[in-house]
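Chemist: One file: protein05.cif (mmCIF, C-alpha atoms and all ligand atoms).
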```cif
data_query
#
loop_
_atom_site.label_atom_id
_atom_site.label_comp_id
_atom_site.auth_asym_id
_atom_site.auth_seq_id
_atom_site.Cartn_x
_atom_site.Cartn_y
_atom_site.Cartn_z
CA MET C 1 226.04 29.59 286.85
CA GLU C 2 223.27 30.88 288.99
CA ASN C 3 221.74 33.55 286.80
CA GLU C 4 222.21 31.93 283.46
CA LYS C 5 219.06 31.74 281.38
CA LEU C 6 217.81 28.29 280.50
CA LYS C 7 216.52 27.23 277.14
CA THR C 8 212.83 26.41 277.46
CA LEU C 9 210.47 24.66 275.08
CA GLN C 10 208.69 27.88 274.17
CA VAL C 11 208.77 28.33 270.43
CA LEU C 12 209.75 31.68 268.91
CA PRO C 13 208.36 32.13 265.41
CA ARG C 14 210.56 33.04 262.45
CA THR C 15 208.10 32.86 259.61
CA TYR C 16 204.77 31.41 258.52
CA GLY C 17 203.74 29.77 255.29
CA LEU C 18 201.99 26.96 253.52
CA GLY C 19 203.43 23.59 254.43
CA THR C 20 203.25 20.33 252.55
CA ARG C 21 204.90 16.92 252.72
CA ASN C 22 205.12 14.54 249.80
CA ARG C 23 205.14 10.76 249.69
CA ASN C 24 208.92 10.68 249.97
CA GLY C 25 208.75 12.61 253.23
CA VAL C 26 210.02 15.87 251.72
CA HIS C 27 208.54 18.68 253.79
CA ILE C 28 208.51 22.18 252.31
CA VAL C 29 207.05 25.41 253.68
CA TYR C 30 206.19 28.18 251.20
CA PRO C 31 206.09 31.65 252.79
CA ILE C 32 204.28 34.25 250.65
CA THR C 33 206.95 36.83 251.47
CA SER C 34 209.63 34.74 249.72
CA PHE C 35 207.65 35.14 246.51
CA LEU C 36 207.05 38.84 247.05
CA THR C 37 210.74 39.44 247.73
CA ALA C 38 211.51 37.48 244.58
CA ALA C 39 208.94 39.42 242.55
CA VAL C 40 210.62 42.67 243.61
CA GLN C 41 214.02 41.22 242.84
CA LEU C 42 212.95 40.21 239.35
CA SER C 43 211.40 43.61 238.52
CA GLY C 44 213.43 46.35 236.92
CA ALA C 45 214.01 49.55 238.90
CA ASP C 46 211.85 51.48 236.42
CA SER C 47 208.89 49.16 236.72
CA LEU C 48 209.09 49.33 240.51
CA GLU C 49 208.89 53.11 240.35
CA ASN C 50 205.85 52.78 238.07
CA ASP C 51 204.33 50.33 240.55
CA ILE C 52 204.56 52.97 243.28
CA GLY C 53 202.44 55.32 241.14
CA GLY C 54 199.95 52.54 240.49
CA TRP C 55 199.94 51.54 244.14
CA GLN C 56 199.18 55.14 245.21
CA LYS C 57 196.16 55.27 242.89
CA HIS C 58 195.01 51.86 244.09
CA ARG C 59 195.25 52.83 247.78
CA ALA C 60 193.54 56.17 247.15
CA TYR C 61 190.71 54.28 245.48
CA LEU C 62 190.47 51.86 248.42
CA GLN C 63 190.46 54.75 250.89
CA GLU C 64 187.61 56.32 248.98
CA ARG C 65 185.67 53.05 249.13
CA THR C 66 186.37 52.76 252.86
CA LYS C 67 184.90 56.24 253.37
CA ARG C 68 181.81 55.22 251.47
CA THR C 69 181.79 51.84 253.33
CA GLN C 70 181.76 49.95 250.06
CA HIS C 71 184.35 47.36 250.99
CA THR C 72 184.01 43.70 250.43
CA ARG C 73 186.58 41.66 252.26
CA PRO C 74 188.85 40.51 249.44
CA ASP C 75 189.82 43.95 248.24
CA SER C 76 190.29 45.53 251.66
CA PRO C 77 193.82 46.70 252.31
CA ILE C 78 195.80 44.14 254.24
CA PHE C 79 197.86 46.86 255.87
CA SER C 80 196.18 49.99 257.08
CA LEU C 81 198.04 53.14 256.24
CA THR C 82 198.57 55.16 259.38
CA GLY C 83 201.21 57.58 260.68
CA LYS C 84 203.88 58.76 258.32
CA GLU C 85 203.06 56.09 255.71
CA SER C 86 199.66 57.68 255.09
CA LYS C 87 201.57 60.62 253.59
CA PHE C 88 203.00 58.27 250.95
CA LEU C 89 199.85 58.80 248.93
CA ASP C 90 200.55 62.54 248.61
CA LEU C 91 204.23 62.29 247.66
CA LYS C 92 205.61 61.93 244.15
CA PRO C 93 206.44 58.28 243.26
CA ALA C 94 210.13 59.22 243.04
CA GLU C 95 210.03 60.57 246.59
CA VAL C 96 208.42 57.38 247.91
CA LYS C 97 211.06 55.42 245.99
CA ASP C 98 213.86 57.31 247.74
CA ILE C 99 212.33 56.62 251.16
CA LEU C 100 211.97 52.93 250.30
CA LEU C 101 215.50 52.64 248.94
CA GLU C 102 216.94 54.19 252.08
CA ALA C 103 214.95 51.80 254.26
CA ILE C 104 216.08 48.78 252.21
CA LEU C 105 219.70 49.93 252.37
CA ASP C 106 219.37 50.40 256.10
CA LYS C 107 218.22 46.81 256.66
CA GLU C 108 220.01 44.84 253.95
CA ASP C 109 223.15 46.95 253.64
CA ALA C 110 222.67 46.61 249.87
CA MET C 111 220.30 47.69 247.10
CA ASN C 112 220.25 44.31 245.33
CA LEU C 113 216.50 44.05 245.73
CA TRP C 114 215.93 47.19 243.70
CA GLU C 115 218.92 48.41 241.75
CA LYS C 116 220.45 45.89 239.41
CA ASP C 117 223.09 46.18 236.77
CA ILE C 118 224.59 43.82 234.26
CA TYR C 119 227.09 42.48 236.79
CA ASN C 120 224.49 41.95 239.38
CA SER C 121 221.48 40.54 237.57
CA ALA C 122 219.07 38.58 239.73
CA ILE C 123 219.61 35.18 238.14
CA LYS C 124 222.52 33.56 236.33
CA LYS C 125 223.25 30.08 234.97
CA GLY C 126 219.52 29.27 234.88
CA HIS C 127 219.00 25.81 233.42
CA TYR C 128 216.11 23.38 232.97
CA GLY C 129 216.50 19.79 231.86
CA THR C 130 214.63 16.56 232.69
CA TYR C 131 212.62 17.91 235.62
CA ASN C 132 215.59 19.70 237.15
CA LEU C 133 215.67 23.47 237.46
CA SER C 134 218.85 25.08 238.67
CA GLY C 135 220.38 28.51 238.79
CA GLU C 136 222.23 31.04 240.88
CA VAL C 137 220.27 33.86 242.48
CA THR C 138 221.57 37.13 243.92
CA SER C 139 221.43 37.62 247.65
CA LYS C 140 219.19 40.50 248.72
CA SER C 141 221.65 41.68 251.35
CA ASN C 142 225.32 42.56 251.33
CA ALA C 143 227.33 39.44 250.58
CA ARG C 144 230.17 40.65 252.85
CA GLY C 145 232.87 38.58 251.31
CA ARG C 146 230.66 35.58 250.67
CA LYS C 147 229.52 34.69 247.20
CA ALA C 148 226.95 37.18 245.91
CA HIS C 149 224.90 34.41 244.28
CA ARG C 150 223.25 31.42 245.94
CA LYS C 151 222.97 28.12 244.11
CA VAL C 152 219.41 26.84 243.92
CA HIS C 153 218.12 23.51 242.72
CA ILE C 154 214.44 22.59 242.31
CA ASN C 155 213.27 19.14 241.29
CA ASN C 156 210.14 19.15 239.10
CA PRO C 157 208.97 22.80 239.22
CA ASN C 158 205.78 21.79 237.41
CA LEU C 159 202.22 20.86 238.22
CA ASN C 160 201.33 17.21 238.72
CA ARG C 161 198.73 15.70 236.47
CA ASP C 162 196.08 16.26 239.14
CA GLY C 163 196.96 19.97 239.27
CA THR C 164 198.84 19.92 242.58
CA LEU C 165 202.38 21.29 243.09
CA GLY C 166 204.90 18.84 241.74
CA ILE C 167 207.99 20.18 243.48
CA ASN C 168 209.67 17.10 244.88
CA GLU C 169 212.69 18.64 246.46
CA PHE C 170 214.58 21.89 246.56
CA ASN C 171 217.74 23.18 248.09
CA CYS C 172 219.56 26.47 248.41
CA GLU C 173 222.83 27.46 250.00
CA CYS C 174 221.30 30.19 252.16
CA ASP C 175 220.27 30.18 255.84
CA ASP C 176 216.75 31.38 255.00
CA SER C 177 215.99 27.92 253.69
CA TYR C 178 216.60 26.40 257.15
CA TYR C 179 213.61 24.62 258.60
CA ASN C 180 213.03 25.06 262.35
CA ASP C 181 216.58 26.20 262.94
CA MET C 182 218.24 23.37 261.04
CA ARG C 183 219.54 22.49 257.62
CA HIS C 184 218.04 19.19 256.59
CA LYS C 185 217.85 17.28 253.34
CA LEU C 186 214.15 16.50 253.72
CA TYR C 187 212.97 19.77 255.28
CA GLY C 188 213.18 23.27 253.90
CA VAL C 189 211.65 26.73 253.77
CA PHE C 190 211.24 27.91 250.20
CA CYS C 191 213.49 30.99 250.29
CA HIS C 192 213.37 34.05 248.04
CA HIS C 193 216.23 32.62 245.94
CA ALA C 194 214.22 29.50 245.16
CA ALA C 195 211.10 31.62 244.64
CA ALA C 196 212.93 33.92 242.20
CA LEU C 197 214.10 30.94 240.14
CA GLN C 198 210.62 29.41 240.22
CA ILE C 199 208.91 32.67 239.15
CA ALA C 200 211.46 33.26 236.38
CA TYR C 201 210.88 29.72 235.17
CA TYR C 202 207.10 30.18 235.32
CA ASN C 203 207.27 33.43 233.34
CA GLU C 204 209.55 31.98 230.70
CA VAL C 205 207.38 28.94 230.14
CA LYS C 206 204.32 31.16 229.86
CA SER C 207 205.98 33.59 227.46
CA ASP C 208 207.57 33.01 224.08
CA LYS C 209 210.57 35.10 224.95
CA GLU C 210 214.07 33.94 225.69
CA GLY C 211 215.09 34.76 229.23
CA VAL C 212 217.63 33.85 231.88
CA ILE C 213 216.85 30.14 231.80
CA GLU C 214 218.27 27.81 229.22
CA PHE C 215 215.92 24.96 228.27
CA GLU C 216 217.58 21.70 227.33
CA ASN C 217 214.46 20.43 225.55
CA LYS C 218 211.08 21.83 224.66
CA LYS C 219 209.52 24.02 227.32
CA PRO C 220 207.17 22.00 229.56
CA LEU C 221 203.48 22.96 229.57
CA ASN C 222 202.54 23.25 233.21
CA PRO C 223 204.86 25.35 235.35
CA ALA C 224 203.79 25.49 239.00
CA LEU C 225 203.37 28.56 241.16
CA PRO C 226 201.76 28.66 244.61
CA PHE C 227 200.69 32.31 244.58
CA ASN C 228 199.03 34.67 242.11
CA ILE C 229 201.71 37.31 241.94
CA THR C 230 202.94 37.51 238.39
CA ASN C 231 201.55 39.44 235.42
CA TYR C 232 200.53 36.12 233.92
CA ASN C 233 198.29 34.92 236.68
CA SER C 234 197.18 37.94 238.66
CA GLU C 235 194.73 40.72 238.18
CA ALA C 236 193.14 40.74 241.60
CA ILE C 237 196.36 41.33 243.51
CA SER C 238 197.49 44.82 242.70
CA PHE C 239 200.77 46.27 243.81
CA LEU C 240 201.32 43.73 246.56
CA ASN C 241 205.06 44.12 246.06
CA ILE C 242 204.91 47.77 247.18
CA GLU C 243 202.64 46.87 250.11
CA PHE C 244 205.19 44.26 251.10
CA LEU C 245 208.17 46.64 250.85
CA ILE C 246 206.44 49.24 253.01
CA SER C 247 205.38 46.80 255.70
CA ARG C 248 208.72 45.02 255.79
CA TYR C 249 211.18 47.88 255.43
CA ILE C 250 209.33 51.01 256.60
CA ARG C 251 207.02 49.59 259.26
CA LYS C 252 209.59 46.89 260.09
CA LYS C 253 207.04 44.12 260.53
CA SER C 254 208.31 40.57 260.99
CA LEU C 255 207.99 37.97 258.24
CA PHE C 256 205.82 35.97 260.62
CA GLU C 257 203.41 38.87 261.00
CA ILE C 258 203.34 39.84 257.31
CA ASN C 259 202.74 36.29 256.13
CA ARG C 260 199.91 35.78 258.59
CA LYS C 261 198.20 38.90 257.30
CA LEU C 262 198.75 37.95 253.67
CA THR C 263 197.11 34.56 254.14
CA ARG C 264 193.89 36.47 254.85
CA LEU C 265 193.73 37.21 251.14
CA GLY C 266 192.91 33.53 250.83
CA SER C 267 191.97 32.15 247.46
CA LEU C 268 192.59 35.52 245.81
CA LEU C 269 196.27 35.04 246.39
CA PHE C 270 196.50 31.25 246.20
CA THR C 271 196.68 29.47 242.87
CA PRO C 272 194.24 26.62 242.10
CA ALA C 273 197.04 24.15 242.91
CA ILE C 274 197.26 25.45 246.48
CA ASN C 275 193.52 25.81 246.94
CA SER C 276 192.89 22.20 246.05
CA MET C 277 195.73 20.97 248.28
CA LEU C 278 194.31 22.99 251.19
CA ASP C 279 190.89 21.47 250.57
CA THR C 280 192.18 17.92 250.68
CA GLY C 281 194.43 18.52 253.68
CA ASP C 282 197.62 18.02 251.66
CA MET C 283 198.64 21.56 252.56
CA TRP C 284 198.34 23.60 255.76
CA PHE C 285 199.44 26.84 257.45
CA GLU C 286 202.61 26.29 259.37
CA VAL C 287 204.81 28.28 261.75
CA VAL C 288 208.55 27.96 261.26
CA ARG C 289 210.50 28.58 264.43
CA THR C 290 213.84 30.05 265.28
CA ALA C 291 215.70 29.18 268.52
CA PHE C 292 213.72 28.44 271.67
CA LYS C 293 212.97 31.14 274.21
CA LYS C 294 215.21 31.39 277.26
CA THR C 295 214.05 31.97 280.78
CA LYS C 296 215.30 32.27 284.35
CA ASP C 297 212.64 29.86 285.62
CA ASP C 298 213.29 27.08 288.12
CA PRO C 299 215.80 24.68 286.44
CA LYS C 300 214.13 21.62 287.95
CA TYR C 301 210.76 22.62 286.49
CA ILE C 302 212.29 23.29 283.05
CA GLU C 303 214.17 19.97 283.03
CA GLU C 304 211.15 17.99 284.21
CA THR C 305 208.96 19.69 281.59
CA LYS C 306 211.42 18.54 278.93
CA GLY C 307 211.20 14.98 280.27
CA LEU C 308 207.42 15.17 280.26
CA LEU C 309 207.41 16.43 276.66
CA LYS C 310 209.52 13.45 275.66
CA ASN C 311 207.03 11.09 277.29
CA MET C 312 204.08 12.85 275.71
CA ARG C 313 205.63 12.51 272.28
CA GLU C 314 206.19 8.79 272.83
CA TYR C 315 202.62 8.42 273.98
CA LEU C 316 201.36 10.18 270.83
CA ARG C 317 203.46 7.98 268.56
CA ASP C 318 202.05 4.89 270.30
CA GLU C 319 198.55 6.25 269.70
CA ASP C 320 199.18 6.60 265.93
CA PHE C 321 199.83 10.35 265.82
CA TYR C 322 202.67 11.74 263.74
CA PRO C 323 204.33 15.20 263.92
CA ARG C 324 203.49 17.82 261.33
CA GLY C 325 205.16 21.08 262.39
CA TYR C 326 204.14 24.07 264.50
CA SER C 327 200.68 25.60 264.60
CA ILE C 328 199.10 28.74 266.00
CA GLU C 329 196.81 27.97 268.93
CA TYR C 330 194.31 30.08 270.86
CA GLU C 331 194.50 32.37 267.85
CA GLY C 332 193.37 35.93 268.34
CA SER C 333 193.12 35.56 272.12
CA ASP C 334 195.35 37.09 274.79
CA PHE C 335 196.92 33.66 275.18
CA GLU C 336 197.91 32.98 271.60
CA SER C 337 200.62 30.31 271.55
CA ILE C 338 202.55 28.13 269.19
CA GLY C 339 201.76 24.45 269.39
CA GLU C 340 203.63 21.35 268.32
CA ARG C 341 201.12 19.66 266.03
CA TRP C 342 200.52 15.92 265.83
CA GLU C 343 198.05 14.56 263.29
CA HIS C 344 196.29 11.25 263.75
CA LYS C 345 196.54 8.63 261.01
CA ASP C 346 192.72 8.49 260.81
CA LYS C 347 192.78 12.16 259.63
CA GLU C 348 189.88 12.88 261.93
CA LYS C 349 191.68 14.45 264.84
CA CYS C 350 194.89 16.15 265.88
CA ILE C 351 196.67 17.16 269.04
CA SER C 352 198.81 20.19 269.76
CA LEU C 353 201.31 20.27 272.59
CA ILE C 354 201.54 23.73 274.11
CA TYR C 355 204.03 25.19 276.50
CA LYS C 356 204.47 28.83 277.34
CA GLN C 357 205.37 30.89 280.34
CA ASP C 358 202.34 30.85 282.69
CA MET C 359 201.02 27.92 280.67
CA PRO C 360 202.59 24.59 281.73
CA LEU C 361 202.84 21.90 279.05
CA HIS C 362 199.43 20.59 278.02
CA PHE C 363 197.43 19.04 275.17
CA ILE C 364 194.74 20.51 273.03
CA LEU C 365 192.72 17.82 271.27
CA LYS C 366 190.80 18.80 268.14
CA LYS C 367 188.26 16.69 266.31
CA TYR C 368 187.61 17.84 262.75
CA GLN C 369 184.00 18.49 261.85
CA GLY C 370 183.79 17.61 258.17
CA TYR C 371 186.03 18.94 255.48
CA GLU C 372 184.85 22.50 255.11
CA VAL C 373 187.78 24.92 255.14
CA ASP C 374 187.64 28.63 255.81
CA LEU C 375 190.66 30.00 254.04
CA PHE C 376 190.20 33.53 255.25
CA GLY C 377 190.09 32.36 258.84
CA ASP C 378 188.46 35.54 260.04
CA ARG C 379 185.95 33.86 262.26
CA LYS C 380 188.51 32.49 264.68
CA ILE C 381 186.80 31.15 267.77
CA THR C 382 183.21 29.97 267.75
CA LEU C 383 181.73 28.77 271.01
CA LEU C 384 179.33 25.89 271.42
CA GLU C 385 178.22 27.29 274.74
CA GLY C 386 179.22 30.09 277.07
CA ARG C 387 180.59 33.53 276.36
CA LYS C 388 183.17 34.40 273.73
CA SER C 389 185.07 36.62 276.16
CA ASP C 390 185.72 33.49 278.24
CA VAL C 391 187.79 32.19 275.35
CA THR C 392 189.42 35.39 274.14
CA SER C 393 190.41 36.94 277.46
CA ARG C 394 190.47 34.12 280.02
CA HIS C 395 193.37 31.75 280.56
CA PRO C 396 192.88 28.49 278.59
CA TYR C 397 193.18 26.54 281.86
CA SER C 398 189.88 28.07 282.95
CA ARG C 399 188.11 25.79 280.47
CA ILE C 400 189.96 22.51 280.90
CA GLY C 401 187.81 19.60 279.78
CA LYS C 402 185.08 21.81 278.28
CA GLU C 403 184.47 21.55 274.57
CA PHE C 404 184.53 24.56 272.33
CA MET C 405 184.21 24.99 268.59
CA GLU C 406 186.89 26.77 266.61
CA ILE C 407 188.41 27.16 263.19
CA ASP C 408 191.84 25.62 263.47
CA ASP C 409 194.51 27.96 262.11
CA MET C 410 196.72 25.22 260.71
CA THR C 411 194.06 23.35 258.70
CA ARG C 412 191.39 26.11 258.63
CA ARG C 413 188.89 23.37 259.42
CA TYR C 414 186.06 23.45 261.94
CA CYS C 415 186.97 21.54 265.08
CA ARG C 416 185.61 20.59 268.45
CA ALA C 417 188.50 21.38 270.74
CA LYS C 418 189.28 20.39 274.30
CA ILE C 419 192.14 21.36 276.60
CA ILE C 420 193.63 18.44 278.51
CA LEU C 421 196.28 18.24 281.22
CA PRO C 422 198.58 15.20 281.01
CA GLY C 423 197.88 12.62 283.67
CA THR C 424 194.17 13.41 283.84
CA VAL C 425 192.91 11.14 281.07
CA ARG C 426 193.12 7.40 280.55
CA ASN C 427 196.74 7.65 279.43
CA THR C 428 199.58 6.52 281.56
CA ILE C 429 201.80 9.58 281.37
CA SER C 430 203.15 10.32 284.80
CA VAL C 431 203.56 13.99 285.57
CA PRO C 432 206.66 15.08 287.49
CA GLU C 433 206.06 16.81 290.79
CA SER C 434 207.31 20.27 289.80
CA VAL C 435 205.02 20.30 286.74
CA SER C 436 202.07 18.91 288.69
CA LYS C 437 202.53 21.74 291.20
CA ARG C 438 202.44 24.28 288.37
CA TYR C 439 199.23 22.76 287.06
CA GLN C 440 197.60 23.16 290.46
CA ASP C 441 198.88 26.72 290.88
CA THR C 442 197.84 27.75 287.37
CA VAL C 443 194.40 26.18 287.60
CA GLY C 444 193.99 27.83 291.01
CA LEU C 445 194.91 31.22 289.62
CA TYR C 446 192.73 31.14 286.54
CA SER C 447 189.73 28.93 287.13
ZN ZN C 501 218.02 30.66 249.44
#
```
Starting from the file, give its structure as structure tokens.

Modeler:
Amino acid sequence: MENEKLKTLQVLPRTYGLGTRNRNGVHIVYPITSFLTAAVQLSGADSLENDIGGWQKHRAYLQERTKRTQHTRPDSPIFSLTGKESKFLDLKPAEVKDILLEAILDKEDAMNLWEKDIYNSAIKKGHYGTYNLSGEVTSKSNARGRKAHRKVHINNPNLNRDGTLGINEFNCECDDSYYNDMRHKLYGVFCHHAAALQIAYYNEVKSDKEGVIEFENKKPLNPALPFNITNYNSEAISFLNIEFLISRYIRKKSLFEINRKLTRLGSLLFTPAINSMLDTGDMWFEVVRTAFKKTKDDPKYIEETKGLLKNMREYLRDEDFYPRGYSIEYEGSDFESIGERWEHKDKEKCISLIYKQDMPLHFILKKYQGYEVDLFGDRKITLLEGRKSDVTSRHPYSRIGKEFMEIDDMTRRYCRAKIILPGTVRNTISVPESVSKRYQDTVGLYS
């Protein structure tokens, strides 16, 4: 068919979170929003209404500080209140609640996140025995004939002896737990069902009270949690659940966008387990994709690009690189892209493969400069030479072969980065004619 759109290699993001892979090859991504959704789900309707009142006071206080320019970064609002949401501070908590409930109903076709009753409690059949945590968690949206509860299983929801996350494996029946558009035994996105079970478990181990989870033996001592969002481990993060509900359901921001902003809270939001894993490189910031973007571009060029990608991957494997997931590249510039990340076994360098419309498939090579990590990642691009505007507003092809310094989004480490076109270095990758032509045209346009 002549006008049919072709699937390209351009990645469309679905969400963003903290990724990790254990010795058994189990790869899990933890989005912060899963835990915030779960925290809302586990709160009673009354406490949520109270939280709105507390959130209003907190934001009013922050606004006052902003006026007096007293902010330090960690307590700055992650979402600025503009437009109709700025009026939320002047309304009664019950009025804000009604607006929120309507917005949730509009998106989820259900109130499960907020209103719960005895037949619809968030978790049932919770059970912990010999490292295995299982339970059934309510769906946040209308079940529409499917089961209203999703079965979740988490293996070892505790901390390891060295203080890192011990979760070895998890699975859930839902689609949210898909990793990069697939259901896979070894790969998963920690969904809000799994997060709800994990938080409930954490709270019950930390408290003396009986709850929704039945413990086969004595309660273990070290429950794991990646983020500081419960009453037991958080004082710095106030009313993040309400912030999340407003940005997700009123402002209709994507999970990708919300999670990226939340990571700016850095070590305030991350538990010591996560902070130490980020420091050692056992954890990173990862993009999870949905389907690939479609285009009406020249079919020959698209097909040959796919062939080239295949060859580039083979080349990287031969050179001792292994795939790690998707990263954000050229962050904060007009040419921000999603890269396919390959780490080298020496842990000193990585390569991202980038393809986007107006940006034919190319490499970006990054050499890590020491182990310092900048968890807030606010500094983005730092230049070794030249002007910053050359990096933020000029096409990446305009600086092929030139080194620049940046803080890598995925590892938050300082890197010397270089943009490389396949076929131009000592490697033997042959570039198909249609792609080679695009390189010439693009370089001609932007250099
Ligand atoms: Zn799930």

Chemist: Measuring between all atoms listed in the file, which one of C:Lys67, C:Lys366, C:Arg183, C:Lys125 shows the shortest distance to ligand ZN 501 (chain C)?

Modeler: C:Arg183

Chemist: Point out the residue among C:Ile328, C:Ile420, C:Leu105, C:Ile167 with the least atom-to-atom distance to C:Gly17, counting only C-alpha atoms.

Modeler: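 Closest candidate: C:Ile328.
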
Chemist: Find the residues near ligand ZN 501 (chain C). Use a cut-off of 12 Å, count all atoms listed in the file, and write them as JSON, numbers by chain.

Modeler: {"C": [34, 35, 37, 38, 135, 136, 137, 138, 139, 140, 141, 148, 149, 150, 151, 152, 153, 154, 170, 171, 172, 173, 174, 175, 176, 177, 178, 179, 183, 188, 189, 190, 191, 192, 193, 194, 195, 196, 197, 198]}

Chemist: Find the distance between atom CA of C:Asn50 and atom CA of C:Ala200 and write it in Å to one decimal.

Modeler: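 Separating atom CA of C:Asn50 from atom CA of C:Ala200 is a distance of 20.4 Å.
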
Chemist: With all atoms listed in the file as the atoms that count, which of C:Glu210, C:Tyr61, C:Glu169, C:Pro432 lies nearest to C:Glu303?

Modeler: C:Pro432

Chemist: What gap, in Å, lies between atom CA of C:Asp279 and atom CA of C:Asp408?

Modeler: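 A separation of 13.6 Å between them.
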
Chemist: In Å, with one decimal, what is the gap from atom CA of C:Leu269 to atom CA of C:Phe227?

Modeler: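 Between these atoms lies a distance of 5.5 Å.
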
Chemist: For C:Arg438, which residue among C:Lys300, C:Lys219, C:Lys7, C:Arg399 is the nearest when counting all atoms listed in the file?

Modeler: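 Comparing C:Lys300, C:Lys219, C:Lys7, C:Arg399 against C:Arg438, the winner is C:Lys300.
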
Chemist: Excluding C:Asp46 and its own-chain neighbours fewer than 4 positions away, which residues fall within 10 Å of it when counting all atoms listed in the file? Please give them as a PyMOL selection string.

Modeler: chain C and resi 50-51+114-115

Chemist: Can you pull out every residue within 10 Å of C:Thr263, counting all atoms listed in the file, but drop anything in the same chain fewer than 4 positions away, and send it as a count of residues only?

Modeler: 16

Chemist: Please give the centre and size of the box around stretch 207-220 of chain C (axis-aligned, containing every atom listed in the file, 6 Å added per side), with values in Å to one decimal and written as AutoDock Vina command-line options.

Modeler:
```
--center_x 212.1 --center_y 27.8 --center_z 228.0 --size_x 24.3 --size_y 26.7 --size_z 19.8
```

Chemist: Show me as a PDB file with C-alpha atoms, keeping the file's coordinate frame the residues that reach within 12 Å of (214.3, 15.9, 233.3), counting all atoms listed in the file and using the file's own coordinates.

Modeler:
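Writing done, so here's result14.pdb:
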```pdb
ATOM      1  CA  HIS C 127     219.000  25.810 233.420  1.00  0.00           C
ATOM      2  CA  TYR C 128     216.110  23.380 232.970  1.00  0.00           C
ATOM      3  CA  GLY C 129     216.500  19.790 231.860  1.00  0.00           C
ATOM      4  CA  THR C 130     214.630  16.560 232.690  1.00  0.00           C
ATOM      5  CA  TYR C 131     212.620  17.910 235.620  1.00  0.00           C
ATOM      6  CA  ASN C 132     215.590  19.700 237.150  1.00  0.00           C
ATOM      7  CA  LEU C 133     215.670  23.470 237.460  1.00  0.00           C
ATOM      8  CA  SER C 134     218.850  25.080 238.670  1.00  0.00           C
ATOM      9  CA  ILE C 154     214.440  22.590 242.310  1.00  0.00           C
ATOM     10  CA  ASN C 155     213.270  19.140 241.290  1.00  0.00           C
ATOM     11  CA  ASN C 156     210.140  19.150 239.100  1.00  0.00           C
ATOM     12  CA  PRO C 157     208.970  22.800 239.220  1.00  0.00           C
ATOM     13  CA  ASN C 158     205.780  21.790 237.410  1.00  0.00           C
ATOM     14  CA  PHE C 215     215.920  24.960 228.270  1.00  0.00           C
ATOM     15  CA  GLU C 216     217.580  21.700 227.330  1.00  0.00           C
ATOM     16  CA  ASN C 217     214.460  20.430 225.550  1.00  0.00           C
ATOM     17  CA  LYS C 218     211.080  21.830 224.660  1.00  0.00           C
ATOM     18  CA  LYS C 219     209.520  24.020 227.320  1.00  0.00           C
ATOM     19  CA  PRO C 220     207.170  22.000 229.560  1.00  0.00           C
TER      20      PRO C 220
END
```

Chemist: Looking at all atoms listed in the file, which of C:Gln56, C:Asn112, C:Ser121, C:Ser430 is the one that sits closest to C:Gly211?

Modeler: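 When distances to C:Gly211 are compared using all atoms listed in the file, the smallest one comes from C:Ser121.
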
Chemist: At a cut-off of 9 Å, can you tabulate as CSV every residue of stretch 8-127 of chain C near stretch 354-359 of chain C together with its closest atom pair and the distance in Å to one decimal, using all atoms listed in the file and ordering rows by chain then number?

Modeler:
```
residue,atom,partner,partner_atom,distance
C:Thr8,CA,C:Lys356,CA,8.7
C:Leu9,CA,C:Tyr355,CA,6.6
C:Gln10,CA,C:Lys356,CA,5.4
C:Val11,CA,C:Lys356,CA,8.2
```
